[in-house]
Structures are given as structure tokens and as C-alpha cells.
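Source file data_29.txt; content: compact mmCIF, N, CA and C atoms.
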```txt
# COMPACT_ATOMS: atom_id res chain seq x y z
N MET A 1 -58.05 -44.90 65.17
CA MET A 1 -58.37 -43.52 64.90
C MET A 1 -57.87 -43.15 63.50
N SER A 2 -58.54 -42.22 62.92
CA SER A 2 -58.19 -41.77 61.59
C SER A 2 -56.97 -40.86 61.64
N ASP A 3 -56.13 -40.96 60.60
CA ASP A 3 -54.96 -40.09 60.53
C ASP A 3 -55.36 -38.64 60.28
N ARG A 4 -56.54 -38.41 59.74
CA ARG A 4 -57.00 -37.04 59.52
C ARG A 4 -57.26 -36.33 60.83
N ARG A 5 -57.84 -37.04 61.77
CA ARG A 5 -58.18 -36.40 63.04
C ARG A 5 -56.97 -36.27 63.95
N HIS A 6 -56.07 -37.21 63.89
CA HIS A 6 -54.91 -37.20 64.77
C HIS A 6 -53.65 -37.38 63.92
N PRO A 7 -53.13 -36.30 63.36
CA PRO A 7 -51.90 -36.43 62.57
C PRO A 7 -50.74 -36.84 63.46
N ARG A 8 -49.69 -37.33 62.84
CA ARG A 8 -48.53 -37.83 63.56
C ARG A 8 -47.93 -36.77 64.45
N TRP A 9 -47.89 -35.53 64.00
CA TRP A 9 -47.23 -34.46 64.76
C TRP A 9 -48.07 -33.96 65.92
N ALA A 10 -49.29 -34.40 66.08
CA ALA A 10 -50.15 -33.87 67.13
C ALA A 10 -49.73 -34.32 68.52
N GLY A 11 -49.23 -35.53 68.67
CA GLY A 11 -48.94 -36.01 70.01
C GLY A 11 -47.50 -36.42 70.24
N GLU A 12 -46.75 -36.64 69.18
CA GLU A 12 -45.38 -37.09 69.32
C GLU A 12 -44.43 -35.89 69.36
N PRO A 13 -43.38 -35.98 70.17
CA PRO A 13 -42.42 -34.89 70.16
C PRO A 13 -41.67 -34.85 68.83
N ALA A 14 -41.37 -33.66 68.38
CA ALA A 14 -40.64 -33.51 67.13
C ALA A 14 -39.15 -33.59 67.40
N PRO A 15 -38.42 -34.35 66.60
CA PRO A 15 -36.98 -34.37 66.77
C PRO A 15 -36.40 -33.01 66.40
N ARG A 16 -35.22 -32.72 66.90
CA ARG A 16 -34.62 -31.40 66.71
C ARG A 16 -34.41 -31.08 65.22
N GLU A 17 -34.07 -32.08 64.41
CA GLU A 17 -33.83 -31.80 62.99
C GLU A 17 -35.12 -31.48 62.25
N ARG A 18 -36.27 -31.75 62.85
CA ARG A 18 -37.55 -31.44 62.22
C ARG A 18 -38.33 -30.46 63.09
N SER A 19 -37.64 -29.63 63.89
CA SER A 19 -38.34 -28.80 64.84
C SER A 19 -38.87 -27.51 64.23
N GLY A 20 -38.58 -27.23 62.97
CA GLY A 20 -39.17 -26.07 62.33
C GLY A 20 -40.64 -26.33 62.05
N LEU A 21 -41.35 -25.33 61.60
CA LEU A 21 -42.77 -25.48 61.36
C LEU A 21 -43.05 -26.58 60.35
N ILE A 22 -42.24 -26.64 59.30
CA ILE A 22 -42.43 -27.67 58.29
C ILE A 22 -41.18 -28.54 58.16
N GLY A 23 -40.30 -28.50 59.12
CA GLY A 23 -39.09 -29.30 59.05
C GLY A 23 -37.95 -28.50 58.46
N ARG A 24 -36.97 -29.20 57.96
CA ARG A 24 -35.80 -28.54 57.39
C ARG A 24 -36.21 -27.79 56.13
N ARG A 25 -35.89 -26.51 56.09
CA ARG A 25 -36.32 -25.68 54.97
C ARG A 25 -35.39 -25.80 53.78
N PHE A 26 -34.10 -25.91 54.05
CA PHE A 26 -33.12 -25.94 52.98
C PHE A 26 -32.26 -27.20 53.13
N PRO A 27 -31.83 -27.77 52.04
CA PRO A 27 -30.96 -28.94 52.15
C PRO A 27 -29.61 -28.53 52.76
N ARG A 28 -28.96 -29.50 53.38
CA ARG A 28 -27.65 -29.23 53.96
C ARG A 28 -26.65 -28.97 52.85
N THR A 29 -25.90 -27.89 52.96
CA THR A 29 -24.94 -27.55 51.92
C THR A 29 -23.53 -27.39 52.47
N GLY A 30 -23.37 -27.22 53.76
CA GLY A 30 -22.06 -26.94 54.33
C GLY A 30 -21.44 -28.16 54.96
N THR A 31 -20.46 -27.90 55.81
CA THR A 31 -19.74 -28.97 56.47
C THR A 31 -20.15 -29.08 57.94
N GLU A 32 -21.27 -28.50 58.31
CA GLU A 32 -21.71 -28.57 59.70
C GLU A 32 -22.07 -30.01 60.05
N PRO A 33 -21.94 -30.36 61.31
CA PRO A 33 -22.27 -31.74 61.69
C PRO A 33 -23.74 -32.04 61.48
N VAL A 34 -24.04 -33.28 61.25
CA VAL A 34 -25.42 -33.70 61.03
C VAL A 34 -26.25 -33.45 62.28
N THR A 35 -25.62 -33.54 63.44
CA THR A 35 -26.34 -33.37 64.70
C THR A 35 -26.31 -31.94 65.23
N ALA A 36 -25.93 -30.96 64.40
CA ALA A 36 -25.87 -29.58 64.85
C ALA A 36 -27.27 -29.11 65.26
N GLN A 37 -27.32 -28.43 66.39
CA GLN A 37 -28.60 -27.97 66.92
C GLN A 37 -28.49 -26.51 67.32
N SER A 38 -29.61 -25.81 67.22
CA SER A 38 -29.67 -24.44 67.68
C SER A 38 -29.71 -24.45 69.20
N PRO A 39 -28.96 -23.56 69.85
CA PRO A 39 -28.98 -23.52 71.32
C PRO A 39 -30.25 -22.85 71.82
N LEU A 40 -31.35 -23.59 71.81
CA LEU A 40 -32.65 -23.01 72.13
C LEU A 40 -32.74 -22.52 73.57
N ARG A 41 -32.15 -23.23 74.50
CA ARG A 41 -32.22 -22.80 75.90
C ARG A 41 -31.45 -21.50 76.11
N LEU A 42 -30.31 -21.34 75.42
CA LEU A 42 -29.56 -20.08 75.52
C LEU A 42 -30.35 -18.94 74.90
N ARG A 43 -30.98 -19.19 73.75
CA ARG A 43 -31.82 -18.16 73.14
C ARG A 43 -32.97 -17.79 74.04
N LEU A 44 -33.56 -18.78 74.72
CA LEU A 44 -34.63 -18.51 75.66
C LEU A 44 -34.15 -17.63 76.81
N LEU A 45 -32.99 -17.95 77.36
CA LEU A 45 -32.43 -17.16 78.45
C LEU A 45 -32.12 -15.73 78.01
N LEU A 46 -31.49 -15.58 76.86
CA LEU A 46 -31.13 -14.24 76.38
C LEU A 46 -32.38 -13.41 76.08
N SER A 47 -33.37 -14.01 75.47
CA SER A 47 -34.60 -13.28 75.19
C SER A 47 -35.32 -12.88 76.47
N ALA A 48 -35.34 -13.78 77.45
CA ALA A 48 -36.00 -13.48 78.71
C ALA A 48 -35.27 -12.40 79.50
N VAL A 49 -33.96 -12.32 79.36
CA VAL A 49 -33.20 -11.29 80.07
C VAL A 49 -33.30 -9.95 79.36
N PHE A 50 -33.18 -9.94 78.05
CA PHE A 50 -33.09 -8.67 77.33
C PHE A 50 -34.45 -8.04 77.02
N LEU A 51 -35.52 -8.81 77.01
CA LEU A 51 -36.84 -8.22 76.77
C LEU A 51 -37.17 -7.15 77.80
N PRO A 52 -37.09 -7.42 79.10
CA PRO A 52 -37.39 -6.35 80.06
C PRO A 52 -36.38 -5.20 80.02
N LEU A 53 -35.12 -5.51 79.71
CA LEU A 53 -34.13 -4.44 79.62
C LEU A 53 -34.43 -3.48 78.47
N PHE A 54 -34.79 -4.02 77.32
CA PHE A 54 -35.12 -3.16 76.19
C PHE A 54 -36.42 -2.40 76.43
N LEU A 55 -37.38 -3.03 77.09
CA LEU A 55 -38.61 -2.31 77.42
C LEU A 55 -38.33 -1.16 78.39
N ALA A 56 -37.49 -1.43 79.39
CA ALA A 56 -37.13 -0.36 80.33
C ALA A 56 -36.36 0.75 79.63
N GLY A 57 -35.46 0.38 78.72
CA GLY A 57 -34.71 1.38 77.96
C GLY A 57 -35.62 2.23 77.09
N ALA A 58 -36.59 1.61 76.44
CA ALA A 58 -37.53 2.37 75.61
C ALA A 58 -38.34 3.34 76.46
N ALA A 59 -38.79 2.89 77.61
CA ALA A 59 -39.56 3.76 78.50
C ALA A 59 -38.69 4.89 79.03
N TYR A 60 -37.47 4.58 79.45
CA TYR A 60 -36.57 5.59 80.01
C TYR A 60 -36.25 6.67 78.97
N PHE A 61 -35.85 6.25 77.77
CA PHE A 61 -35.49 7.24 76.75
C PHE A 61 -36.72 7.99 76.25
N GLY A 62 -37.89 7.34 76.25
CA GLY A 62 -39.12 8.03 75.87
C GLY A 62 -39.48 9.12 76.86
N VAL A 63 -39.36 8.83 78.15
CA VAL A 63 -39.65 9.84 79.18
C VAL A 63 -38.62 10.96 79.13
N TRP A 64 -37.35 10.59 78.93
CA TRP A 64 -36.30 11.59 78.83
C TRP A 64 -36.54 12.51 77.63
N ALA A 65 -36.98 11.93 76.51
CA ALA A 65 -37.26 12.75 75.32
C ALA A 65 -38.43 13.69 75.57
N ALA A 66 -39.41 13.24 76.33
CA ALA A 66 -40.57 14.08 76.63
C ALA A 66 -40.19 15.26 77.52
N ASP A 67 -39.19 15.08 78.38
CA ASP A 67 -38.76 16.14 79.29
C ASP A 67 -37.67 17.04 78.72
N THR A 68 -37.22 16.80 77.51
CA THR A 68 -36.14 17.57 76.91
C THR A 68 -36.65 18.91 76.42
N GLY A 69 -35.87 19.95 76.72
CA GLY A 69 -36.21 21.29 76.26
C GLY A 69 -35.64 21.58 74.89
N ALA A 70 -35.80 22.83 74.44
CA ALA A 70 -35.41 23.22 73.09
C ALA A 70 -33.90 23.19 72.88
N GLY A 71 -33.10 23.61 73.87
CA GLY A 71 -31.66 23.68 73.66
C GLY A 71 -30.88 22.59 74.35
N ASP A 72 -31.54 21.58 74.87
CA ASP A 72 -30.86 20.52 75.61
C ASP A 72 -30.07 19.61 74.69
N SER A 73 -29.05 19.01 75.30
CA SER A 73 -28.24 18.04 74.57
C SER A 73 -28.24 16.75 75.37
N PRO A 74 -28.52 15.60 74.85
CA PRO A 74 -28.88 15.30 73.47
C PRO A 74 -30.28 15.81 73.14
N GLY A 75 -30.51 16.01 71.88
CA GLY A 75 -31.78 16.55 71.42
C GLY A 75 -32.92 15.55 71.51
N ARG A 76 -34.12 16.07 71.36
CA ARG A 76 -35.31 15.22 71.44
C ARG A 76 -35.33 14.16 70.34
N GLY A 77 -34.93 14.53 69.14
CA GLY A 77 -34.93 13.58 68.03
C GLY A 77 -34.01 12.40 68.27
N THR A 78 -32.85 12.66 68.84
CA THR A 78 -31.91 11.58 69.14
C THR A 78 -32.48 10.63 70.18
N LEU A 79 -33.09 11.20 71.23
CA LEU A 79 -33.66 10.37 72.28
C LEU A 79 -34.85 9.55 71.78
N VAL A 80 -35.66 10.14 70.92
CA VAL A 80 -36.78 9.39 70.34
C VAL A 80 -36.27 8.25 69.47
N ALA A 81 -35.19 8.51 68.73
CA ALA A 81 -34.61 7.46 67.88
C ALA A 81 -34.07 6.32 68.74
N VAL A 82 -33.40 6.64 69.83
CA VAL A 82 -32.88 5.59 70.71
C VAL A 82 -34.03 4.82 71.36
N ALA A 83 -35.08 5.51 71.75
CA ALA A 83 -36.25 4.84 72.32
C ALA A 83 -36.90 3.91 71.29
N ALA A 84 -36.96 4.35 70.04
CA ALA A 84 -37.54 3.52 68.99
C ALA A 84 -36.68 2.28 68.72
N VAL A 85 -35.37 2.44 68.76
CA VAL A 85 -34.48 1.29 68.57
C VAL A 85 -34.65 0.29 69.72
N CYS A 86 -34.74 0.80 70.95
CA CYS A 86 -34.96 -0.09 72.10
C CYS A 86 -36.30 -0.82 71.96
N ALA A 87 -37.33 -0.12 71.51
CA ALA A 87 -38.64 -0.75 71.33
C ALA A 87 -38.58 -1.82 70.24
N ALA A 88 -37.85 -1.55 69.15
CA ALA A 88 -37.72 -2.54 68.08
C ALA A 88 -36.98 -3.78 68.57
N PHE A 89 -35.92 -3.58 69.35
CA PHE A 89 -35.21 -4.73 69.91
C PHE A 89 -36.08 -5.50 70.89
N ALA A 90 -36.93 -4.81 71.63
CA ALA A 90 -37.85 -5.49 72.53
C ALA A 90 -38.83 -6.36 71.75
N LEU A 91 -39.32 -5.85 70.62
CA LEU A 91 -40.22 -6.64 69.78
C LEU A 91 -39.50 -7.87 69.21
N LEU A 92 -38.24 -7.70 68.80
CA LEU A 92 -37.48 -8.85 68.31
C LEU A 92 -37.25 -9.88 69.41
N ALA A 93 -36.95 -9.42 70.61
CA ALA A 93 -36.75 -10.35 71.73
C ALA A 93 -38.05 -11.08 72.05
N LEU A 94 -39.17 -10.38 71.99
CA LEU A 94 -40.47 -11.03 72.24
C LEU A 94 -40.78 -12.07 71.17
N ALA A 95 -40.53 -11.73 69.91
CA ALA A 95 -40.77 -12.68 68.83
C ALA A 95 -39.87 -13.91 68.98
N ASP A 96 -38.61 -13.72 69.33
CA ASP A 96 -37.71 -14.84 69.51
C ASP A 96 -38.15 -15.69 70.70
N LEU A 97 -38.61 -15.05 71.75
CA LEU A 97 -39.11 -15.77 72.92
C LEU A 97 -40.29 -16.66 72.55
N LEU A 98 -41.19 -16.15 71.74
CA LEU A 98 -42.35 -16.94 71.31
C LEU A 98 -41.95 -18.10 70.40
N VAL A 99 -41.01 -17.85 69.49
CA VAL A 99 -40.56 -18.90 68.58
C VAL A 99 -39.86 -20.01 69.35
N VAL A 100 -38.97 -19.63 70.26
CA VAL A 100 -38.20 -20.63 71.00
C VAL A 100 -39.11 -21.46 71.91
N THR A 101 -40.05 -20.81 72.59
CA THR A 101 -40.95 -21.59 73.45
C THR A 101 -41.81 -22.53 72.63
N GLY A 102 -42.23 -22.11 71.45
CA GLY A 102 -42.99 -23.00 70.58
C GLY A 102 -42.18 -24.20 70.12
N ARG A 103 -40.92 -23.96 69.77
CA ARG A 103 -40.06 -25.08 69.34
C ARG A 103 -39.78 -26.04 70.49
N LEU A 104 -39.51 -25.49 71.66
CA LEU A 104 -39.26 -26.36 72.81
C LEU A 104 -40.50 -27.16 73.17
N ARG A 105 -41.66 -26.54 73.09
CA ARG A 105 -42.92 -27.24 73.38
C ARG A 105 -43.15 -28.35 72.36
N ARG A 106 -42.86 -28.08 71.10
CA ARG A 106 -43.04 -29.08 70.05
C ARG A 106 -42.07 -30.24 70.23
N GLU A 107 -40.84 -29.95 70.67
CA GLU A 107 -39.87 -31.02 70.89
C GLU A 107 -40.27 -31.91 72.06
N ARG A 108 -40.88 -31.32 73.08
CA ARG A 108 -41.30 -32.11 74.25
C ARG A 108 -42.59 -32.88 73.95
N GLY A 109 -43.30 -32.50 72.92
CA GLY A 109 -44.53 -33.18 72.59
C GLY A 109 -45.72 -32.66 73.36
N ALA A 110 -45.57 -31.52 74.01
CA ALA A 110 -46.69 -30.93 74.76
C ALA A 110 -47.68 -30.32 73.78
N PRO A 111 -48.95 -30.34 74.09
CA PRO A 111 -49.93 -29.74 73.20
C PRO A 111 -49.77 -28.21 73.15
N ALA A 112 -50.00 -27.66 71.99
CA ALA A 112 -49.92 -26.20 71.83
C ALA A 112 -51.13 -25.55 72.46
N PRO A 113 -50.96 -24.40 73.09
CA PRO A 113 -52.12 -23.71 73.68
C PRO A 113 -53.04 -23.19 72.59
N HIS A 114 -54.34 -23.17 72.89
CA HIS A 114 -55.31 -22.71 71.89
C HIS A 114 -55.71 -21.32 72.14
```
Once more with this new file: its structure as C-alpha cells, please.
Amino acid sequence: MSDRRHPRWAGEPAPRERSGLIGRRFPRTGTEPVTAQSPLRLRLLLSAVFLPLFLAGAAYFGVWAADTGAGDSPGRGTLVAVAAVCAAFALLALADLLVVTGRLRRERGAPAPH
């Protein structure tokens, strides 16, 4: 088979040191061990746990802000800000969840979904 049709990375699992999209982005400059690895399974667990919590928090504070009157404390602006922060953290957790699952899939050598 031609290398054009079936590149090396298409079927072989990627080693952890080359698990980025294009491999190591920056040369090693510190004293970290050569075999240092990102704790991908822990990141997967934390993202999976906190994504629904942040989504629930954004919904809760959004509904609370909608029900707030003119003289209530905390004010509507504060509650909207907290809801926006929860929504932003939910987006970050979702992005991390997608990145980690992609890296784990690439390390196992499983084909990427189309």
C-alpha cells in the first residue's frame, strides 16, 4: 500500500511522548523526567464530573437571576455573572473532555470518528 493512502499514524497507536496533534511542540528545557506523562485518566474523570456540575450551576444561577426582583440581594447582575462564569467553566470542561478522549483514542490506536 502507498504511504500516501495509509500514513503511519493512521493505524498505529501514538506513544505518549508524541500524543499531541503534531508531537512535542517545544523542546525539553527543564529537569522533568523523560518519561513524564500527563495524567489523562484523571483529567478525564475531573472533566466528566465537573461538566454536569457547572452546567447545573449555570442553569440554577440563571433561573435565580430571572426570578430576582428590583431590591433583592444578591442582585441580578451578580447572579448573571456567576451563571456566566459557570457556563464558561462548563465549556472549558467540555473542551478538555474532547481533547483528552482524542488523545486517549490516538494512544490506543483506535480510528477517529468521522
### Query
What is the distance, in Å and to one decimal place, between CA of Asp96 in chain A and atom C of Gly57 in chain A?
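The value is 18.8 Å.
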### From A:Leu45, A:Leu40, A:Leu51, A:Val63, residue lying nearest Ala83 in chain A [only N, CA and C atoms]
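Closest candidate: A:Val63.
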Nearest to Ala84 in chain A among A:Ala48, A:Ala59, A:Pro33, A:Leu53, with distances taken over only C-alpha atoms: which residue is it?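 Selected residue with least distance to Ala84 in chain A: A:Ala59.
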Next item on the list: Give me, please, the distance in Å between CA of Arg41 in chain A and CA of Ala95 in chain A, quoted to one decimal.
Entry: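 Pair CA of Arg41 in chain A / CA of Ala95 in chain A returns 15.0 Å.
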Exercise: Val80 in chain A partners within 7 Å, only N, CA and C atoms, chain neighbours under 6 positions left out, as a list in words: Phe61, Gly62 and Ala65 of chain A
